[in-house]
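Engineer: As input, take protein-v3.tsv (TSV, C-alpha atoms and all ligand atoms):
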```tsv
chain	number	residue	atom	x	y	z
A	1	MET	CA	45.88	39.07	-74.15
A	2	SER	CA	46.18	42.15	-71.98
A	3	THR	CA	44.51	42.33	-68.63
A	4	SER	CA	42.33	45.17	-67.45
A	5	THR	CA	42.85	44.21	-63.82
A	6	PRO	CA	45.64	45.20	-61.40
A	7	LEU	CA	48.73	42.97	-61.17
A	8	GLY	CA	48.13	39.85	-59.05
A	9	GLN	CA	44.37	40.24	-59.18
A	10	LYS	CA	42.68	37.32	-60.88
A	11	VAL	CA	39.42	37.28	-62.76
A	12	VAL	CA	37.49	34.50	-61.02
A	13	LEU	CA	34.14	33.12	-62.17
A	14	ILE	CA	32.10	31.12	-59.66
A	15	THR	CA	28.98	29.10	-60.51
A	16	GLY	CA	26.32	28.51	-57.85
A	17	ALA	CA	27.33	31.42	-55.64
A	18	SER	CA	23.88	32.33	-54.30
A	19	SER	CA	24.44	30.27	-51.13
A	20	GLY	CA	26.79	27.89	-49.32
A	21	ILE	CA	30.28	27.15	-50.59
A	22	GLY	CA	30.02	29.30	-53.72
A	23	GLU	CA	28.91	32.34	-51.76
A	24	ALA	CA	31.62	31.85	-49.12
A	25	THR	CA	34.24	31.47	-51.85
A	26	ALA	CA	33.04	34.62	-53.60
A	27	ARG	CA	33.27	36.60	-50.35
A	28	LEU	CA	36.76	35.31	-49.53
A	29	LEU	CA	38.21	35.80	-53.01
A	30	ALA	CA	36.74	39.29	-53.32
A	31	ALA	CA	38.17	40.13	-49.89
A	32	SER	CA	41.56	38.82	-51.12
A	33	GLY	CA	41.45	41.42	-53.91
A	34	HIS	CA	40.32	39.34	-56.87
A	35	GLN	CA	37.78	40.43	-59.48
A	36	VAL	CA	34.89	38.02	-59.00
A	37	MET	CA	31.92	37.26	-61.26
A	38	VAL	CA	29.22	35.08	-59.70
A	39	GLY	CA	26.34	33.24	-61.31
A	40	ALA	CA	23.24	31.33	-60.17
A	41	ARG	CA	19.49	31.30	-60.78
A	42	ARG	CA	18.52	33.24	-57.63
A	43	THR	CA	19.71	36.61	-58.90
A	44	ASP	CA	18.16	38.47	-55.94
A	45	ARG	CA	20.65	36.65	-53.69
A	46	LEU	CA	23.50	37.51	-56.05
A	47	ALA	CA	22.51	41.18	-56.12
A	48	GLU	CA	22.53	41.29	-52.31
A	49	LEU	CA	25.92	39.54	-52.23
A	50	ALA	CA	27.30	42.08	-54.71
A	51	ARG	CA	25.95	44.95	-52.62
A	52	GLU	CA	27.61	43.62	-49.45
A	53	VAL	CA	30.95	42.84	-51.11
A	54	ARG	CA	31.12	46.24	-52.80
A	55	ALA	CA	30.27	47.96	-49.52
A	56	ALA	CA	33.47	46.34	-48.21
A	57	ASP	CA	35.41	47.61	-51.27
A	58	GLY	CA	35.42	44.24	-53.02
A	59	ALA	CA	35.05	43.80	-56.78
A	60	LEU	CA	32.13	41.50	-57.55
A	61	ASP	CA	29.70	41.40	-60.46
A	62	HIS	CA	26.85	38.98	-60.97
A	63	HIS	CA	25.03	37.42	-63.87
A	64	ALA	CA	22.04	35.08	-64.15
A	65	LEU	CA	23.17	31.52	-64.75
A	66	ASP	CA	21.55	28.14	-65.22
A	67	VAL	CA	24.36	25.64	-65.66
A	68	THR	CA	22.03	23.11	-67.27
A	69	SER	CA	21.76	25.40	-70.31
A	70	ARG	CA	24.84	25.64	-72.49
A	71	ASP	CA	23.62	28.99	-73.85
A	72	SER	CA	23.28	30.36	-70.32
A	73	VAL	CA	26.81	29.22	-69.41
A	74	GLU	CA	28.22	30.73	-72.62
A	75	SER	CA	26.45	34.01	-71.90
A	76	PHE	CA	27.79	34.06	-68.30
A	77	VAL	CA	31.35	33.53	-69.52
A	78	GLY	CA	30.82	35.95	-72.44
A	79	ALA	CA	29.68	38.67	-70.04
A	80	ALA	CA	32.89	38.21	-68.02
A	81	LEU	CA	35.06	38.34	-71.14
A	82	ASP	CA	33.30	41.50	-72.36
A	83	ARG	CA	33.85	43.14	-69.00
A	84	TYR	CA	37.37	42.03	-68.06
A	85	GLY	CA	38.95	40.75	-71.29
A	86	ARG	CA	40.25	37.56	-69.70
A	87	ILE	CA	39.34	34.69	-67.40
A	88	ASP	CA	41.90	33.37	-64.97
A	89	VAL	CA	39.82	31.00	-62.87
A	90	LEU	CA	36.54	29.14	-63.21
A	91	VAL	CA	35.14	27.55	-60.05
A	92	ASN	CA	32.57	24.96	-61.16
A	93	ASN	CA	30.68	24.82	-57.89
A	94	ALA	CA	26.94	24.63	-58.72
A	95	GLY	CA	25.50	21.33	-57.54
A	96	VAL	CA	22.43	19.53	-56.25
A	97	MET	CA	22.06	16.48	-54.00
A	98	PRO	CA	18.54	15.07	-53.66
A	99	LEU	CA	19.16	11.80	-51.81
A	100	SER	CA	16.97	8.69	-52.16
A	101	PRO	CA	17.24	4.90	-52.43
A	102	MET	CA	17.56	3.80	-56.04
A	103	ALA	CA	14.46	1.62	-55.65
A	104	ASP	CA	12.38	4.81	-55.30
A	105	LEU	CA	13.09	5.48	-58.99
A	106	ARG	CA	13.16	9.26	-58.60
A	107	VAL	CA	14.44	9.41	-62.15
A	108	GLU	CA	13.75	13.12	-62.62
A	109	GLU	CA	16.04	13.84	-59.68
A	110	TRP	CA	18.69	11.51	-61.13
A	111	ASP	CA	18.48	13.50	-64.37
A	112	ARG	CA	18.70	16.76	-62.45
A	113	MET	CA	21.90	15.67	-60.68
A	114	ILE	CA	23.45	14.58	-63.97
A	115	ASP	CA	22.39	17.83	-65.64
A	116	VAL	CA	23.66	20.18	-62.92
A	117	ASN	CA	26.63	18.29	-61.48
A	118	VAL	CA	28.07	16.73	-64.64
A	119	ARG	CA	26.72	18.57	-67.68
A	120	GLY	CA	26.95	21.91	-65.85
A	121	THR	CA	30.62	21.28	-65.06
A	122	LEU	CA	31.34	20.26	-68.65
A	123	TYR	CA	29.51	23.30	-70.06
A	124	GLY	CA	31.65	25.49	-67.81
A	125	ILE	CA	34.83	23.85	-69.05
A	126	ALA	CA	33.67	24.16	-72.68
A	127	ALA	CA	32.96	27.85	-72.22
A	128	VAL	CA	36.36	28.82	-70.75
A	129	LEU	CA	38.80	26.32	-72.24
A	130	PRO	CA	39.31	27.96	-75.67
A	131	ARG	CA	40.08	31.33	-74.03
A	132	MET	CA	42.39	29.80	-71.43
A	133	ARG	CA	44.27	27.98	-74.19
A	134	GLU	CA	44.65	31.28	-76.08
A	135	GLN	CA	45.92	32.92	-72.90
A	136	ASN	CA	48.27	29.95	-72.25
A	137	SER	CA	47.05	30.10	-68.67
A	138	GLY	CA	44.04	29.44	-66.53
A	139	HIS	CA	42.77	27.46	-63.59
A	140	ILE	CA	39.66	25.30	-63.45
A	141	VAL	CA	38.47	24.32	-59.99
A	142	ASN	CA	35.81	21.63	-59.90
A	143	VAL	CA	33.89	21.09	-56.67
A	144	ALA	CA	33.35	17.35	-56.26
A	145	SER	CA	32.74	15.76	-52.84
A	146	VAL	CA	33.82	13.09	-50.41
A	147	ALA	CA	30.96	11.36	-52.28
A	148	GLY	CA	33.34	11.29	-55.25
A	149	HIS	CA	35.68	9.09	-53.21
A	150	ARG	CA	33.22	6.69	-51.55
A	151	VAL	CA	29.70	5.43	-52.19
A	152	ASP	CA	26.94	5.36	-49.56
A	153	PRO	CA	23.32	4.20	-49.65
A	154	THR	CA	20.79	6.80	-50.89
A	155	ALA	CA	23.66	8.69	-52.56
A	156	ALA	CA	24.39	6.35	-55.47
A	157	VAL	CA	23.52	8.77	-58.26
A	158	TYR	CA	25.01	11.78	-56.48
A	159	CYS	CA	28.21	9.76	-55.93
A	160	ALA	CA	28.20	8.75	-59.60
A	161	THR	CA	28.08	12.43	-60.62
A	162	LYS	CA	30.93	13.34	-58.27
A	163	TYR	CA	33.07	10.38	-59.40
A	164	ALA	CA	32.43	11.70	-62.91
A	165	VAL	CA	33.60	15.18	-61.92
A	166	ARG	CA	36.84	13.69	-60.60
A	167	ALA	CA	37.33	11.57	-63.73
A	168	LEU	CA	36.83	14.42	-66.18
A	169	SER	CA	39.05	16.68	-64.08
A	170	GLU	CA	41.86	14.12	-64.16
A	171	GLY	CA	41.49	13.74	-67.93
A	172	LEU	CA	41.58	17.50	-68.42
A	173	ARG	CA	44.64	17.75	-66.19
A	174	GLN	CA	46.50	15.11	-68.19
A	175	GLU	CA	45.74	16.93	-71.44
A	176	SER	CA	46.79	20.36	-70.13
A	177	ARG	CA	50.24	21.86	-69.80
A	178	ASP	CA	49.50	25.47	-68.90
A	179	ILE	CA	46.02	25.20	-67.40
A	180	ARG	CA	45.78	24.11	-63.78
A	181	VAL	CA	43.01	21.74	-62.68
A	182	THR	CA	41.95	21.34	-59.06
A	183	VAL	CA	39.31	19.08	-57.53
A	184	ILE	CA	37.96	20.17	-54.16
A	185	SER	CA	36.13	17.43	-52.28
A	186	PRO	CA	34.23	18.70	-49.24
A	187	GLY	CA	32.69	16.55	-46.54
A	188	PHE	CA	29.64	17.74	-44.57
A	189	THR	CA	29.56	21.52	-44.96
A	190	GLU	CA	27.01	24.11	-43.81
A	191	SER	CA	24.93	25.15	-46.82
A	192	GLU	CA	21.49	24.83	-48.37
A	193	LEU	CA	22.37	21.61	-50.21
A	194	LEU	CA	19.98	19.46	-48.17
A	195	ASP	CA	17.05	21.85	-48.48
A	196	ARG	CA	15.93	20.76	-51.94
A	197	GLY	CA	14.32	17.52	-53.09
A	198	GLY	CA	15.16	13.94	-52.20
A	199	ALA	CA	13.31	11.31	-50.17
A	200	LEU	CA	12.11	12.52	-46.77
A	201	GLU	CA	13.92	9.86	-44.72
A	202	ALA	CA	17.22	10.08	-46.61
A	203	GLN	CA	17.27	13.88	-46.49
A	204	GLY	CA	16.32	13.82	-42.79
A	205	ALA	CA	19.19	11.46	-41.93
A	206	ALA	CA	21.68	13.61	-43.85
A	207	ARG	CA	20.37	16.78	-42.18
A	208	ALA	CA	20.76	15.20	-38.74
A	209	ALA	CA	24.36	14.23	-39.56
A	210	ALA	CA	25.08	17.70	-40.97
A	211	ARG	CA	23.75	19.32	-37.78
A	212	GLN	CA	26.25	17.24	-35.77
A	213	LEU	CA	29.25	17.50	-38.04
A	214	ALA	CA	29.17	20.23	-40.64
A	215	ILE	CA	32.09	22.63	-41.01
A	216	PRO	CA	31.49	26.21	-42.16
A	217	ALA	CA	31.46	26.87	-45.91
A	218	SER	CA	34.38	29.25	-45.34
A	219	ALA	CA	36.60	26.21	-44.58
A	220	VAL	CA	36.07	24.98	-48.14
A	221	ALA	CA	36.52	28.50	-49.52
A	222	GLU	CA	39.92	28.64	-47.81
A	223	ALA	CA	40.97	25.40	-49.53
A	224	ILE	CA	40.00	26.90	-52.90
A	225	ASP	CA	41.90	30.09	-52.08
A	226	PHE	CA	44.96	27.98	-51.19
A	227	ALA	CA	44.90	26.20	-54.55
A	228	LEU	CA	44.50	29.49	-56.44
A	229	SER	CA	47.29	31.24	-54.61
A	230	ARG	CA	50.06	28.71	-55.41
A	231	PRO	CA	52.58	29.78	-58.07
A	232	ALA	CA	51.53	29.13	-61.70
A	233	ALA	CA	53.94	26.18	-61.96
A	234	VAL	CA	52.30	24.44	-58.98
A	235	ASP	CA	49.04	22.63	-59.65
A	236	VAL	CA	47.23	21.46	-56.52
A	237	ASN	CA	45.14	18.68	-58.02
A	238	GLU	CA	43.08	17.26	-55.16
A	239	ILE	CA	42.00	18.58	-51.79
A	240	VAL	CA	39.63	16.72	-49.45
A	241	VAL	CA	38.27	18.93	-46.66
A	242	ARG	CA	35.98	17.23	-44.20
A	243	PRO	CA	34.94	17.63	-40.58
A	244	THR	CA	37.42	16.04	-38.19
A	245	LEU	CA	34.40	14.25	-36.70
A	246	GLN	CA	33.30	12.71	-40.02
A	247	GLY	CA	33.84	8.95	-40.33
B	1	LIG	N1	27.41	21.05	-48.36
B	1	LIG	C1	28.06	19.89	-48.39
B	1	LIG	O1	28.06	19.14	-47.40
B	1	LIG	C2	28.81	19.47	-49.62
B	1	LIG	C3	29.67	18.38	-49.53
B	1	LIG	C4	30.35	17.98	-50.65
B	1	LIG	C5	30.21	18.66	-51.86
B	1	LIG	N2	29.36	19.72	-51.92
B	1	LIG	C6	29.23	20.38	-53.22
B	1	LIG	O2	29.44	21.77	-53.04
B	1	LIG	C7	28.82	22.48	-54.11
B	1	LIG	C8	28.06	23.67	-53.55
B	1	LIG	O3	26.96	23.20	-52.80
B	1	LIG	P1	26.57	23.80	-51.36
B	1	LIG	O4	26.81	22.74	-50.36
B	1	LIG	O5	27.17	25.13	-51.16
B	1	LIG	O6	24.96	23.87	-51.54
B	1	LIG	P2	23.96	25.10	-51.79
B	1	LIG	O7	24.02	26.06	-50.67
B	1	LIG	O8	22.65	24.46	-52.10
B	1	LIG	O9	24.56	25.78	-53.09
B	1	LIG	C9	24.36	25.21	-54.37
B	1	LIG	C10	24.50	26.31	-55.40
B	1	LIG	O10	24.31	25.72	-56.69
B	1	LIG	C11	23.44	26.56	-57.40
B	1	LIG	N3	22.72	25.82	-58.43
B	1	LIG	C12	21.91	24.74	-58.33
B	1	LIG	N4	21.39	24.43	-59.53
B	1	LIG	C13	21.87	25.35	-60.40
B	1	LIG	C14	21.70	25.57	-61.79
B	1	LIG	N5	20.91	24.79	-62.54
B	1	LIG	N6	22.36	26.60	-62.37
B	1	LIG	C15	23.16	27.41	-61.63
B	1	LIG	N7	23.37	27.25	-60.32
B	1	LIG	C16	22.72	26.23	-59.72
B	1	LIG	C17	22.50	27.15	-56.38
B	1	LIG	O11	22.02	28.40	-56.86
B	1	LIG	P3	20.53	28.68	-57.43
B	1	LIG	O12	19.61	27.68	-56.79
B	1	LIG	O13	20.28	30.10	-57.02
B	1	LIG	O14	20.67	28.52	-58.91
B	1	LIG	C18	23.47	27.40	-55.22
B	1	LIG	O15	24.08	28.65	-55.36
B	1	LIG	C19	27.95	21.46	-54.85
B	1	LIG	O16	28.61	21.04	-56.02
B	1	LIG	C20	27.86	20.31	-53.86
B	1	LIG	O17	27.63	19.07	-54.49
B	1	LIG	C21	28.67	20.16	-50.83
```
Taking this structure as input, can you express it in the form of structure tokens?
Structural biologist:
Amino acid sequence: MSTSTPLGQKVVLITGASSGIGEATARLLAASGHQVMVGARRTDRLAELAREVRAADGALDHHALDVTSRDSVESFVGAALDRYGRIDVLVNNAGVMPLSPMADLRVEEWDRMIDVNVRGTLYGIAAVLPRMREQNSGHIVNVASVAGHRVDPTAAVYCATKYAVRALSEGLRQESRDIRVTVISPGFTESELLDRGGALEAQGAARAAARQLAIPASAVAEAIDFALSRPAAVDVNEIVVRPTLQG
């Protein structure tokens, strides 16, 4: 498969790039010279991001994306293939974290976390894997969390989704010989993650901790950039990036 992009420039797709880690990653990778395609539901945010990146001579396109819909994910990836003819990297970053004690039975929020964090990641993999196998190359970066390494109260379901992301990433890695698989596990990071849903007390406690500890989203973007920029034969499988202050 020929590439329509300059040598060394990768075609990078990023889900959930309308704020936080996804947005910071899009800015950094575009500034590093890659061709970036971003997706999310808040397309006004994506349009503004595209405007700013292009004003700085970066290459960034955007497309509406709801990762809970397989059709939407296929159309996001299809748009990138139509435009660039190949996909080098998919960053499965979209995620939600409404925290609550299990006894609250906020089952709709449990479903939402499973749909976005797990199904969304799988739909992304399903959409790019056939093409990457045809290309005999590709890189799938799945954003998990420190919550995929340890379980804390009020985060049980969120942790379950992030453990799942690590498990499916490891399985994909074992089955792949020319596709790289990286799991990025951030700790407290500045973003809008705590602004949506969850039980008041649990969200409040997490916000208070984030105000004390959180590292900038660019710190996580730099870890992703590091994994992408290793030689093709080197697969950085796991990176945990957390605040030095975080226990
Ligand atoms: N911030 C942290 O402390 C932290 C720590 C560990 C892991 N993480 C992980 O980092 C990732 C990014 O989160 P963030 O911290 O940067 O939070 P954020 O600022 O809230 O960003 C989340 C992104 O996901 C997108 N998203 C949510 N639901 C979506 C859907 N159905 N379809 C498409 N996009 C969707 C949002 O865009 P729209 O709402 O516009 O669709 C947004 O762009 C998540 O996977 C999160 O679990 C964050």
Engineer: Check the smallest atom-to-atom distance from each of A:Glu48, A:Asp111, A:Glu238, A:Asp82 to Ser185 of chain A using all atoms listed in the file, then report the winner.
Structural biologist: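 Looking only at the distances to Ser185 of chain A, the closest residue turns out to be A:Glu238.
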Engineer: Find the spatial neighbours of Arg177 of chain A, counting all atoms listed in the file, within a cut-off of 10 Å - ignore same-chain residues fewer than 2 positions away - and output them as a list in words.
Structural biologist: Arg133, Asn136, Ser137, Leu172, Arg173, Gln174, Glu175, Ile179, Arg180 and Ala233 of chain A
Engineer: Any chance you can output those residues with C-alpha atoms as a PDB file, in the coordinates of the input?
Structural biologist:
```pdb
ATOM      1  CA  ARG A 133      44.270  27.980 -74.190  1.00  0.00           C
ATOM      2  CA  ASN A 136      48.270  29.950 -72.250  1.00  0.00           C
ATOM      3  CA  SER A 137      47.050  30.100 -68.670  1.00  0.00           C
ATOM      4  CA  LEU A 172      41.580  17.500 -68.420  1.00  0.00           C
ATOM      5  CA  ARG A 173      44.640  17.750 -66.190  1.00  0.00           C
ATOM      6  CA  GLN A 174      46.500  15.110 -68.190  1.00  0.00           C
ATOM      7  CA  GLU A 175      45.740  16.930 -71.440  1.00  0.00           C
ATOM      8  CA  ILE A 179      46.020  25.200 -67.400  1.00  0.00           C
ATOM      9  CA  ARG A 180      45.780  24.110 -63.780  1.00  0.00           C
ATOM     10  CA  ALA A 233      53.940  26.180 -61.960  1.00  0.00           C
TER      11      ALA A 233
END
```
Engineer: In Å, with one decimal, what is the gap from atom O12 of ligand LIG 1 (chain B) to atom CA of Ala40 of chain A?
Structural biologist: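 Atom-to-atom, atom O12 of ligand LIG 1 (chain B) and atom CA of Ala40 of chain A are spaced 6.2 Å apart.
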Engineer: Work out how far apart atom CA of Ala17 of chain A and atom O16 of ligand LIG 1 (chain B) are and give it in Å to one decimal.
Structural biologist: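 One can read the atom CA of Ala17 of chain A to atom O16 of ligand LIG 1 (chain B) distance as 10.5 Å.
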Engineer: With all atoms listed in the file as the atoms that count, which of A:Met97, A:Val183, A:Ala24, A:Val12 lies nearest to Val128 of chain A?
Structural biologist: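 Of the candidates, the smallest distance to Val128 of chain A is held by A:Val12.
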Engineer: Provide the atom CA of Ala64 of chain A to atom CA of Gly39 of chain A distance in Å, to one decimal place.
Structural biologist: 5.5 Å
Engineer: Nearest to ligand LIG 1 (chain B): which of A:Gly20, A:Pro243, A:Gly148, A:Gly138 is it, counting all atoms listed in the file?
Structural biologist: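 Closest to ligand LIG 1 (chain B), using all atoms listed in the file: A:Gly20.
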Engineer: Hey, which of A:Arg106, A:Arg41, A:Arg54, A:Arg70 ends up closest to ligand LIG 1 (chain B)? Count only C-alpha atoms and all ligand atoms.
Structural biologist: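 Closest candidate: A:Arg41.
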Engineer: Using all atoms listed in the file, can you tell me which of A:Ala50, A:Leu193, A:Ala205, A:Val157 comes closest to Val107 of chain A?
Structural biologist: A:Val157
Engineer: Please provide as an MDAnalysis selection string all residues within 10 Å of Leu99 of chain A, with the sequence filter that same-chain residues fewer than 2 positions apart are discarded (counting all atoms listed in the file).
Structural biologist: chainID A and resid 96:97 101:102 106 109:110 153:158 194 196:206
Engineer: Give me, as a ChimeraX atom specification, all polymer residues having an atom no more than 8 Å from Gly124 of chain A, counting only C-alpha atoms and skipping those fewer than 3 positions away in the same chain.
Structural biologist: /A:67,73-74,90,92,120-121,127-128
Engineer: Point out the residue among A:Ile125, A:Ala55, A:Ile21, A:Cys159 with the least atom-to-atom distance to ligand LIG 1 (chain B), counting all atoms listed in the file.
Structural biologist: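 Answer, going by the shortest atom-to-atom distance: A:Ile21.
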Engineer: Enclose all atoms of ligand LIG 1 (chain B) listed in the file in an axis-aligned box, grow every side by 4 Å, and hand back centre and edge lengths in Å to one decimal, as lines of an AutoDock Vina configuration file.
Structural biologist:
```
center_x = 25.0
center_y = 24.0
center_z = -55.0
size_x = 18.7
size_y = 20.1
size_z = 23.1
```
Engineer: For Asp61 of chain A, list every protein, DNA or RNA residue within 9 Å, evaluated using all atoms listed in the file, and leave out those in the same chain fewer than 2 positions away; present the list as a PDB file with C-alpha atoms, in the frame of the given file.
Structural biologist:
```pdb
ATOM      1  CA  GLN A  35      37.780  40.430 -59.480  1.00  0.00           C
ATOM      2  CA  VAL A  36      34.890  38.020 -59.000  1.00  0.00           C
ATOM      3  CA  MET A  37      31.920  37.260 -61.260  1.00  0.00           C
ATOM      4  CA  VAL A  38      29.220  35.080 -59.700  1.00  0.00           C
ATOM      5  CA  GLY A  39      26.340  33.240 -61.310  1.00  0.00           C
ATOM      6  CA  LEU A  46      23.500  37.510 -56.050  1.00  0.00           C
ATOM      7  CA  ALA A  47      22.510  41.180 -56.120  1.00  0.00           C
ATOM      8  CA  ALA A  50      27.300  42.080 -54.710  1.00  0.00           C
ATOM      9  CA  ALA A  59      35.050  43.800 -56.780  1.00  0.00           C
ATOM     10  CA  HIS A  63      25.030  37.420 -63.870  1.00  0.00           C
ATOM     11  CA  ALA A  80      32.890  38.210 -68.020  1.00  0.00           C
TER      12      ALA A  80
END
```
Engineer: Model the absent atoms of segment 69-86 of chain A so that N, CA and C atoms are present, and write the result as a PDB file, keeping the file's coordinate frame.
Structural biologist:
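File produced: part_38.pdb:
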```pdb
ATOM      1  N   SER A  69      21.931  24.863 -68.953  1.00  0.00           N
ATOM      2  CA  SER A  69      21.760  25.400 -70.310  1.00  0.00           C
ATOM      3  C   SER A  69      23.120  25.856 -70.836  1.00  0.00           C
ATOM      4  N   ARG A  70      23.538  25.253 -71.935  1.00  0.00           N
ATOM      5  CA  ARG A  70      24.840  25.640 -72.490  1.00  0.00           C
ATOM      6  C   ARG A  70      24.845  27.110 -72.901  1.00  0.00           C
ATOM      7  N   ASP A  71      23.711  27.577 -73.456  1.00  0.00           N
ATOM      8  CA  ASP A  71      23.620  28.990 -73.850  1.00  0.00           C
ATOM      9  C   ASP A  71      23.813  29.900 -72.648  1.00  0.00           C
ATOM     10  N   SER A  72      23.182  29.533 -71.533  1.00  0.00           N
ATOM     11  CA  SER A  72      23.280  30.360 -70.320  1.00  0.00           C
ATOM     12  C   SER A  72      24.735  30.398 -69.827  1.00  0.00           C
ATOM     13  N   VAL A  73      25.412  29.258 -69.869  1.00  0.00           N
ATOM     14  CA  VAL A  73      26.810  29.220 -69.410  1.00  0.00           C
ATOM     15  C   VAL A  73      27.688  30.067 -70.338  1.00  0.00           C
ATOM     16  N   GLU A  74      27.438  29.941 -71.653  1.00  0.00           N
ATOM     17  CA  GLU A  74      28.220  30.730 -72.620  1.00  0.00           C
ATOM     18  C   GLU A  74      27.982  32.225 -72.389  1.00  0.00           C
ATOM     19  N   SER A  75      26.741  32.584 -72.071  1.00  0.00           N
ATOM     20  CA  SER A  75      26.450  34.010 -71.900  1.00  0.00           C
ATOM     21  C   SER A  75      27.066  34.540 -70.593  1.00  0.00           C
ATOM     22  N   PHE A  76      27.112  33.704 -69.561  1.00  0.00           N
ATOM     23  CA  PHE A  76      27.790  34.060 -68.300  1.00  0.00           C
ATOM     24  C   PHE A  76      29.280  34.322 -68.551  1.00  0.00           C
ATOM     25  N   VAL A  77      29.916  33.393 -69.245  1.00  0.00           N
ATOM     26  CA  VAL A  77      31.350  33.530 -69.520  1.00  0.00           C
ATOM     27  C   VAL A  77      31.589  34.706 -70.490  1.00  0.00           C
ATOM     28  N   GLY A  78      30.696  34.841 -71.479  1.00  0.00           N
ATOM     29  CA  GLY A  78      30.820  35.950 -72.440  1.00  0.00           C
ATOM     30  C   GLY A  78      30.730  37.301 -71.742  1.00  0.00           C
ATOM     31  N   ALA A  79      29.829  37.408 -70.774  1.00  0.00           N
ATOM     32  CA  ALA A  79      29.680  38.670 -70.040  1.00  0.00           C
ATOM     33  C   ALA A  79      30.982  39.007 -69.298  1.00  0.00           C
ATOM     34  N   ALA A  80      31.620  37.979 -68.731  1.00  0.00           N
ATOM     35  CA  ALA A  80      32.890  38.210 -68.020  1.00  0.00           C
ATOM     36  C   ALA A  80      33.977  38.639 -68.999  1.00  0.00           C
ATOM     37  N   LEU A  81      34.029  37.983 -70.153  1.00  0.00           N
ATOM     38  CA  LEU A  81      35.060  38.340 -71.140  1.00  0.00           C
ATOM     39  C   LEU A  81      34.851  39.758 -71.653  1.00  0.00           C
ATOM     40  N   ASP A  82      33.591  40.125 -71.905  1.00  0.00           N
ATOM     41  CA  ASP A  82      33.300  41.500 -72.360  1.00  0.00           C
ATOM     42  C   ASP A  82      33.776  42.508 -71.323  1.00  0.00           C
ATOM     43  N   ARG A  83      33.552  42.172 -70.062  1.00  0.00           N
ATOM     44  CA  ARG A  83      33.850  43.140 -69.000  1.00  0.00           C
ATOM     45  C   ARG A  83      35.328  43.210 -68.647  1.00  0.00           C
ATOM     46  N   TYR A  84      35.987  42.040 -68.582  1.00  0.00           N
ATOM     47  CA  TYR A  84      37.370  42.030 -68.060  1.00  0.00           C
ATOM     48  C   TYR A  84      38.420  41.664 -69.113  1.00  0.00           C
ATOM     49  N   GLY A  85      38.000  41.084 -70.233  1.00  0.00           N
ATOM     50  CA  GLY A  85      38.950  40.750 -71.290  1.00  0.00           C
ATOM     51  C   GLY A  85      39.738  39.480 -71.076  1.00  0.00           C
ATOM     52  N   ARG A  86      39.549  38.825 -69.934  1.00  0.00           N
ATOM     53  CA  ARG A  86      40.250  37.560 -69.700  1.00  0.00           C
ATOM     54  C   ARG A  86      39.537  36.777 -68.590  1.00  0.00           C
TER      55      ARG A  86
END
```
